[in-house]
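Novice: Got a file for you: target.csv, CSV, C-alpha atoms.
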chain,number,residue,atom,x,y,z
O,1,MET,CA,123.2,39.3,120.9
O,2,ASN,CA,122.3,38.5,117.2
O,3,ILE,CA,123.0,35.2,115.4
O,4,TYR,CA,126.0,36.6,113.6
O,5,SER,CA,127.7,37.9,116.7
O,6,LYS,CA,126.9,34.5,118.4
O,7,LYS,CA,128.6,32.7,115.5
O,8,ALA,CA,131.7,34.9,115.8
O,9,LEU,CA,131.8,34.4,119.6
O,10,ASN,CA,131.3,30.6,119.3
O,11,SER,CA,134.2,30.4,116.9
O,12,LEU,CA,136.3,32.3,119.5
O,13,ILE,CA,135.2,30.0,122.3
O,14,GLU,CA,135.8,26.9,120.3
O,15,SER,CA,139.4,27.8,119.7
O,16,ASN,CA,140.0,28.7,123.3
O,17,GLU,CA,139.2,26.8,126.5
O,18,ASP,CA,139.4,29.9,128.7
O,19,TYR,CA,137.7,33.0,127.7
O,20,ASN,CA,137.1,36.2,129.8
O,21,ASP,CA,135.2,39.3,128.9
O,22,VAL,CA,136.9,42.6,129.3
O,23,PHE,CA,134.3,44.8,127.6
O,24,VAL,CA,131.1,44.1,125.7
O,25,LEU,CA,129.0,46.6,123.7
O,26,SER,CA,125.9,45.8,121.7
O,27,GLY,CA,123.4,48.2,120.1
O,28,HIS,CA,123.5,51.7,118.7
O,29,ILE,CA,127.0,53.2,118.6
O,30,ASN,CA,127.7,56.9,118.2
O,31,GLN,CA,130.8,59.2,118.8
O,32,SER,CA,129.9,59.8,122.5
O,33,ILE,CA,129.7,56.1,123.1
O,34,VAL,CA,133.1,55.6,121.5
O,35,GLY,CA,134.7,58.1,123.9
O,36,SER,CA,133.2,56.7,127.0
O,37,SER,CA,133.8,53.1,125.9
O,38,ILE,CA,137.5,53.8,125.3
O,39,LYS,CA,137.7,55.2,128.9
O,40,ILE,CA,136.2,52.1,130.4
O,41,ILE,CA,138.4,49.8,128.3
O,42,GLU,CA,141.5,51.7,129.3
O,43,ASN,CA,140.7,51.6,133.0
O,44,LYS,CA,140.0,47.8,132.7
O,45,LEU,CA,143.2,47.0,130.9
O,46,VAL,CA,145.3,49.1,133.3
O,47,GLU,CA,143.6,47.2,136.2
O,48,LEU,CA,144.6,44.0,134.4
O,49,LYS,CA,148.2,45.2,134.2
O,50,PHE,CA,148.5,45.3,130.5
O,51,SER,CA,151.5,47.4,129.3
O,52,LYS,CA,151.2,51.0,128.1
O,53,THR,CA,151.8,49.8,124.5
O,54,VAL,CA,148.9,47.3,124.6
O,55,VAL,CA,146.6,49.8,126.2
O,56,SER,CA,147.4,52.4,123.5
O,57,LYS,CA,147.0,49.8,120.8
O,58,ALA,CA,143.6,48.8,122.3
O,59,LYS,CA,142.5,52.5,122.3
O,60,LEU,CA,143.6,53.2,118.8
O,61,LEU,CA,142.1,50.0,117.4
O,62,GLY,CA,138.9,50.4,119.5
O,63,VAL,CA,138.3,53.8,118.0
O,64,GLU,CA,138.7,52.6,114.5
O,65,LEU,CA,136.5,49.6,114.9
O,66,MET,CA,133.7,51.5,116.7
O,67,GLU,CA,133.9,54.5,114.3
O,68,ASN,CA,133.8,52.1,111.3
O,69,ILE,CA,130.6,50.6,112.8
O,70,PHE,CA,128.7,53.8,113.2
O,71,LYS,CA,130.0,55.3,109.9
O,72,HIS,CA,129.3,52.3,107.7
O,73,GLN,CA,126.5,50.3,109.3
O,74,SER,CA,123.3,49.8,107.3
O,75,LEU,CA,120.4,52.1,108.2
O,76,GLY,CA,117.1,50.5,109.1
O,77,THR,CA,118.6,47.1,109.9
O,78,GLU,CA,117.2,45.1,112.8
O,79,ILE,CA,120.5,43.4,113.5
O,80,SER,CA,122.5,45.3,116.1
O,81,PRO,CA,126.2,45.9,115.8
O,82,TYR,CA,128.6,44.7,118.6
O,83,PHE,CA,132.0,45.4,119.9
O,84,HIS,CA,133.7,43.1,122.3
O,85,ILE,CA,137.1,42.7,124.0
O,86,ALA,CA,138.1,39.4,125.6
O,87,ILE,CA,141.1,37.6,127.0
O,88,THR,CA,141.7,34.2,125.6
O,89,LYS,CA,144.4,31.5,125.8
O,90,LYS,CA,146.1,33.4,123.0
O,91,GLY,CA,145.8,36.8,124.6
O,92,LEU,CA,143.8,40.0,124.1
O,93,VAL,CA,141.4,39.9,121.2
O,94,MET,CA,138.8,42.4,119.8
O,95,LEU,CA,135.7,41.4,118.0
O,96,SER,CA,133.3,43.6,116.1
O,97,GLY,CA,130.3,43.1,113.9
O,98,ASN,CA,127.9,45.3,111.9
O,99,SER,CA,125.3,45.1,109.2
O,100,ILE,CA,126.3,46.6,105.8
O,101,SER,CA,124.6,47.2,102.5
O,102,TYR,CA,125.2,45.0,99.4
O,103,LYS,CA,127.0,48.0,97.8
O,104,ASP,CA,129.4,48.2,100.8
O,105,TYR,CA,129.8,44.5,100.9
O,106,LEU,CA,131.2,44.5,97.3
O,107,VAL,CA,133.7,47.2,98.2
O,108,LEU,CA,134.7,45.7,101.5
O,109,HIS,CA,135.0,42.1,100.1
O,110,LYS,CA,137.4,43.4,97.4
O,111,LYS,CA,139.5,45.4,99.9
O,112,LEU,CA,139.7,42.5,102.4
O,113,ASN,CA,140.9,40.2,99.6
O,114,GLU,CA,143.6,42.6,98.6
O,115,LEU,CA,144.8,43.2,102.2
O,116,ASP,CA,144.8,39.5,103.0
O,117,LEU,CA,147.4,39.0,100.2
O,118,LEU,CA,149.8,41.6,101.6
O,119,SER,CA,152.7,41.1,104.0
O,120,LYS,CA,153.0,43.2,107.2
O,121,GLU,CA,155.6,45.4,105.5
O,122,GLU,CA,153.4,45.9,102.4
O,123,ILE,CA,150.5,46.8,104.5
O,124,LYS,CA,152.6,49.4,106.3
O,125,LYS,CA,153.8,50.8,103.0
O,126,ARG,CA,150.2,51.0,101.7
O,127,TYR,CA,149.1,52.7,105.0
O,128,ILE,CA,151.8,55.3,104.7
O,129,GLY,CA,151.0,55.9,101.0
O,130,GLU,CA,147.2,56.3,101.7
O,131,LEU,CA,147.9,58.6,104.7
O,132,THR,CA,150.2,60.8,102.6
O,133,ASP,CA,148.1,60.9,99.4
O,134,GLY,CA,144.6,60.3,100.5
O,135,SER,CA,142.0,63.1,101.2
O,136,ILE,CA,139.4,63.6,103.8
O,137,SER,CA,135.7,63.4,102.8
O,138,GLU,CA,133.1,65.9,103.9
O,139,LYS,CA,132.0,63.4,106.5
O,140,GLY,CA,135.4,63.4,108.0
O,141,ASN,CA,136.4,60.0,106.8
O,142,ALA,CA,139.9,59.4,105.7
O,143,GLY,CA,139.0,56.1,104.2
O,144,LEU,CA,141.9,54.6,106.2
O,145,GLY,CA,139.9,52.7,108.8
O,146,LEU,CA,140.3,49.2,107.5
O,147,LEU,CA,144.0,49.8,106.5
O,148,THR,CA,144.7,51.2,110.0
O,149,ILE,CA,143.2,48.1,111.6
O,150,PHE,CA,145.3,45.8,109.4
O,151,ASN,CA,148.4,47.9,110.1
O,152,ARG,CA,148.1,48.1,113.9
O,153,SER,CA,147.0,44.5,114.5
O,154,ASN,CA,149.6,42.0,115.6
O,155,ASP,CA,148.4,39.3,113.2
O,156,LYS,CA,146.2,39.7,110.2
O,157,PRO,CA,142.6,40.3,111.3
O,158,LYS,CA,140.2,37.4,110.8
O,159,HIS,CA,137.0,38.4,109.1
O,160,LEU,CA,133.7,37.0,107.9
O,161,LEU,CA,131.0,38.4,105.7
O,162,ASN,CA,127.6,36.6,106.2
O,163,LYS,CA,124.8,37.2,103.8
O,164,VAL,CA,121.6,38.3,105.6
O,165,SER,CA,119.5,39.0,102.5
O,166,GLU,CA,119.9,40.3,98.9
O,167,ASP,CA,120.6,43.8,100.3
O,168,GLU,CA,122.3,43.1,103.6
O,169,TYR,CA,125.4,41.5,104.8
O,170,TYR,CA,126.9,41.1,108.3
O,171,PHE,CA,130.6,41.9,108.7
O,172,ASN,CA,132.5,40.3,111.6
O,173,MET,CA,136.1,41.0,112.5
O,174,GLU,CA,138.4,39.4,115.0
O,175,ILE,CA,141.7,41.1,115.9
O,176,TYR,CA,144.5,39.8,118.0
O,177,LEU,CA,146.2,42.6,120.0
O,178,SER,CA,148.8,40.9,122.2
O,179,SER,CA,149.7,38.0,124.3
O,180,PHE,CA,148.7,38.2,127.9
O,181,ASN,CA,151.3,40.2,129.9
F,182,MET,CA,149.9,88.8,119.3
F,183,GLU,CA,147.6,87.0,121.7
F,184,ASN,CA,147.8,83.3,122.1
F,185,PHE,CA,145.2,81.4,120.2
F,186,ILE,CA,143.6,78.6,122.3
F,187,ILE,CA,141.1,75.9,121.5
F,188,LYS,CA,139.7,74.4,124.7
F,189,LYS,CA,139.8,70.6,125.3
F,190,THR,CA,136.5,68.6,124.9
F,191,ASP,CA,135.8,64.9,125.5
F,192,LYS,CA,136.5,64.3,121.7
F,193,THR,CA,139.0,67.0,120.8
F,194,PRO,CA,142.4,68.1,122.2
F,195,GLU,CA,143.5,71.4,123.7
F,196,VAL,CA,145.4,73.5,121.1
F,197,ILE,CA,147.5,76.4,122.1
F,198,PHE,CA,149.3,78.7,119.7
F,199,ASP,CA,151.9,80.7,121.7
F,200,PHE,CA,153.1,83.3,119.2
F,201,SER,CA,155.8,84.7,121.7
F,202,LYS,CA,157.5,81.3,121.4
F,203,ASN,CA,156.4,80.4,117.9
F,204,SER,CA,155.0,77.2,119.2
F,205,ILE,CA,151.9,75.1,118.9
F,206,SER,CA,150.9,72.5,121.4
F,207,ILE,CA,148.2,69.8,120.9
F,208,SER,CA,147.3,67.6,123.8
F,209,GLY,CA,144.5,65.2,124.8
F,210,ILE,CA,142.1,63.0,122.9
F,211,CYS,CA,141.7,63.6,119.1
F,212,ILE,CA,138.6,61.9,117.6
F,213,PRO,CA,136.7,64.9,116.1
F,214,GLU,CA,133.5,63.9,114.3
F,215,ASN,CA,134.6,66.1,111.4
F,216,PRO,CA,138.4,66.5,111.5
F,217,TYR,CA,138.3,69.0,108.6
F,218,ASP,CA,136.1,71.4,110.7
F,219,PHE,CA,138.3,71.0,113.8
F,220,PHE,CA,141.6,71.5,112.1
F,221,ASP,CA,140.5,74.4,109.8
F,222,PRO,CA,141.2,77.2,112.4
F,223,ILE,CA,144.5,75.4,113.2
F,224,PHE,CA,145.6,75.8,109.6
F,225,LYS,CA,144.6,79.4,109.6
F,226,GLU,CA,146.7,80.1,112.8
F,227,LEU,CA,149.6,78.1,111.4
F,228,ASN,CA,149.9,80.8,108.7
F,229,ASN,CA,150.4,83.4,111.4
F,230,LEU,CA,153.2,81.2,112.8
F,231,LYS,CA,154.8,80.8,109.4
F,232,ARG,CA,154.6,84.6,108.8
F,233,SER,CA,156.9,85.2,111.8
F,234,LYS,CA,159.7,83.6,109.8
F,235,SER,CA,161.0,82.0,113.1
F,236,ASP,CA,161.5,78.3,113.6
F,237,ILE,CA,158.4,76.5,114.8
F,238,LEU,CA,158.1,74.2,117.9
F,239,PHE,CA,155.4,71.6,118.0
F,240,GLU,CA,154.6,69.9,121.3
F,241,ILE,CA,152.2,67.0,120.7
F,242,TYR,CA,150.9,64.8,123.5
F,243,LEU,CA,147.9,62.8,122.3
F,244,GLU,CA,146.2,60.0,124.2
F,245,TYR,CA,144.6,58.5,121.1
F,246,PHE,CA,143.2,59.6,117.7
F,247,ASN,CA,141.2,58.4,114.7
F,248,THR,CA,142.4,58.2,111.2
F,249,GLY,CA,140.7,61.4,110.1
F,250,ALA,CA,142.7,63.2,112.8
F,251,SER,CA,145.9,61.4,111.7
F,252,LYS,CA,145.4,62.7,108.2
F,253,CYS,CA,144.8,66.3,109.4
F,254,LEU,CA,147.7,66.2,111.8
F,255,LEU,CA,150.0,65.0,109.0
F,256,ASN,CA,148.8,67.8,106.8
F,257,VAL,CA,149.8,70.3,109.5
F,258,PHE,CA,153.3,68.9,109.6
F,259,LEU,CA,153.5,68.8,105.8
F,260,GLU,CA,152.3,72.4,105.7
F,261,VAL,CA,155.4,73.4,107.6
F,262,ALA,CA,157.7,70.9,106.0
F,263,LYS,CA,157.0,72.2,102.5
F,264,VAL,CA,158.7,75.5,103.5
F,265,GLU,CA,161.2,73.8,105.7
F,266,ASN,CA,164.1,75.7,104.1
F,267,GLU,CA,162.6,78.8,105.8
F,268,PHE,CA,162.3,77.1,109.2
F,269,PRO,CA,165.3,74.7,109.2
F,270,ALA,CA,165.2,74.1,113.0
F,271,THR,CA,161.5,73.3,113.2
F,272,THR,CA,161.1,70.6,115.8
F,273,VAL,CA,158.3,68.3,116.9
F,274,ASN,CA,158.4,67.2,120.5
F,275,TRP,CA,156.3,64.0,120.3
F,276,ILE,CA,155.4,63.3,123.9
F,277,ILE,CA,154.4,59.8,125.1
F,278,ASP,CA,153.9,57.9,128.3
F,279,GLU,CA,156.9,56.0,129.4
F,280,GLY,CA,157.0,52.6,127.6
F,281,ASP,CA,154.3,53.3,125.1
F,282,THR,CA,155.9,52.0,121.9
F,283,GLU,CA,152.5,52.1,120.0
F,284,LEU,CA,152.2,55.9,120.2
F,285,LYS,CA,155.9,56.3,119.6
F,286,GLU,CA,155.5,54.3,116.3
F,287,ALA,CA,152.6,56.6,115.3
F,288,GLY,CA,155.0,59.5,115.7
F,289,GLU,CA,157.7,57.8,113.7
F,290,VAL,CA,155.2,57.4,110.8
F,291,PHE,CA,154.6,61.2,110.8
F,292,GLU,CA,158.3,61.8,111.0
F,293,GLU,CA,159.0,59.5,108.1
F,294,ILE,CA,156.5,61.2,105.9
F,295,SER,CA,157.0,64.8,106.9
F,296,LYS,CA,160.8,64.6,107.2
F,297,LEU,CA,160.6,67.1,110.2
F,298,LYS,CA,162.9,66.6,113.2
F,299,PHE,CA,161.0,64.6,115.8
F,300,ASN,CA,162.2,64.4,119.5
F,301,TYR,CA,160.5,61.5,121.4
F,302,LYS,CA,160.0,62.5,125.0
F,303,GLU,CA,158.8,59.9,127.4
F,304,ILE,CA,157.1,61.0,130.6
F,305,SER,CA,156.3,59.0,133.6
F,306,SER,CA,152.6,58.8,134.4
F,307,ASN,CA,153.2,57.9,138.1
Could you show the structure in this file as structure tokens?
Specialist:
Amino acid sequence: MNIYSKKALNSLIESNEDYNDVFVLSGHINQSIVGSSIKIIENKLVELKFSKTVVSKAKLLGVELMENIFKHQSLGTEISPYFHIAITKKGLVMLSGNSISYKDYLVLHKKLNELDLLSKEEIKKRYIGELTDGSISEKGNAGLGLLTIFNRSNDKPKHLLNKVSEDEYYFNMEIYLSSFN
Amino acid sequence: MENFIIKKTDKTPEVIFDFSKNSISISGICIPENPYDFFDPIFKELNNLKRSKSDILFEIYLEYFNTGASKCLLNVFLEVAKVENEFPATTVNWIIDEGDTELKEAGEVFEEISKLKFNYKEISSN
């Protein structure tokens, strides 16, 4: 675990006396890992008797978070990405983190500031607008990942951008999915 | 005309075009690495369905999907919706597991944008 994921985890632990891991992933993430991770997460959440709705939400959000990591993470970084699901006092939360370039930091910082100012209804409206009018890049990105995460989360995601160096930042995100069933 | 089938993989759904029923079914996981490449043959076969001049039936049962797939799937619905006056009874059966409001809401977004008639069918997984 790197210092940035530790900081995010400590922040989560400090805000909750009880904290239980559901799923932890750290290291290189690719599309195959996404699929197999989602299967493990689904089985675990079903075992823990979360509702169909929460299990679906976890799968849909998990895909977005993990795909965002492997599509946008910096190449050549020594800091591993992570993806983590835990049960806290508040309920089911997802945490993710990955290294990004300075160029991506500027774009992300601006997008996050804009989304933070929007209400739930405004986020949904923007999501529908982007889904309708947006295009797909040659890499298969719809550019909707962050907006989808904000739209599907129960509360506004918490996020943190830590500067690693002049060319590298580390992006942490914490998403609340549901209260415990 | 023979049915057109794309077999299921661990990242992409099974797709079946049944030209005798003028229907298309899509079921499974939909997280293609390149959604454009995956959906390209689907758009091509959709033209064959449209040429029949009969109403189209969609049967969609997805476990989960990424945003690239969302965008392509919406484009499939919009492709039919833009000639809806030719296929006024086109229907989308959006199939979900019983109690899954998250995937139901995902269908409602497609319905809102495409203006196609969606039927929400819940199935018991027990």
Novice: Show me, as a VMD selection string, the residues of chain F whose atoms get within 12 Å of chain O, using only C-alpha atoms for the distance check.
Specialist: chain F and resid 190 to 193 210 to 220 243 to 259 277 to 287 289 to 295 303 to 306
Novice: From (164.9, 73.6, 112.9), in the file's coordinates, out to 12 Å: which residues are reached, counting all atoms listed in the file? Answer as a PyMOL selection string.
Specialist: chain F and resi 203+234-239+261-262+264-274+296-300
Novice: For atom CA of Phe198 of chain F and atom CA of Glu260 of chain F, quote the distance in Å rounded to one decimal.
Specialist: 15.6 Å
Novice: Work out how far atom CA of Leu115 of chain O is from atom CA of Asn2 of chain O, in Å to one decimal.
Specialist: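 Between atom CA of Asn2 of chain O and atom CA of Leu115 of chain O the gap is 27.4 Å.
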Novice: Calculate how many Å separate atom CA of Glu168 of chain O from atom CA of Ser5 of chain O, rounding to one decimal.
Specialist: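 Atom CA of Ser5 of chain O lies at a distance of 15.1 Å from atom CA of Glu168 of chain O.
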Novice: So which residues touch Val22 of chain O within 12 Å, counting all atoms listed in the file, skipping near sequence neighbours fewer than 2 positions away, as a PyMOL selection string?
Specialist: chain O and resi 19-20+24-25+37-38+40-48+50+58+83-88+91-95
Novice: Would you give the centre and edge lengths, in Å to one decimal, of a box along x, y and z around the listed atoms of segment 66-78 of chain O, with 3 Å added to each side, as lines of an AutoDock Vina configuration file?
Specialist:
center_x = 125.5
center_y = 50.2
center_z = 112.0
size_x = 22.8
size_y = 16.2
size_z = 15.4
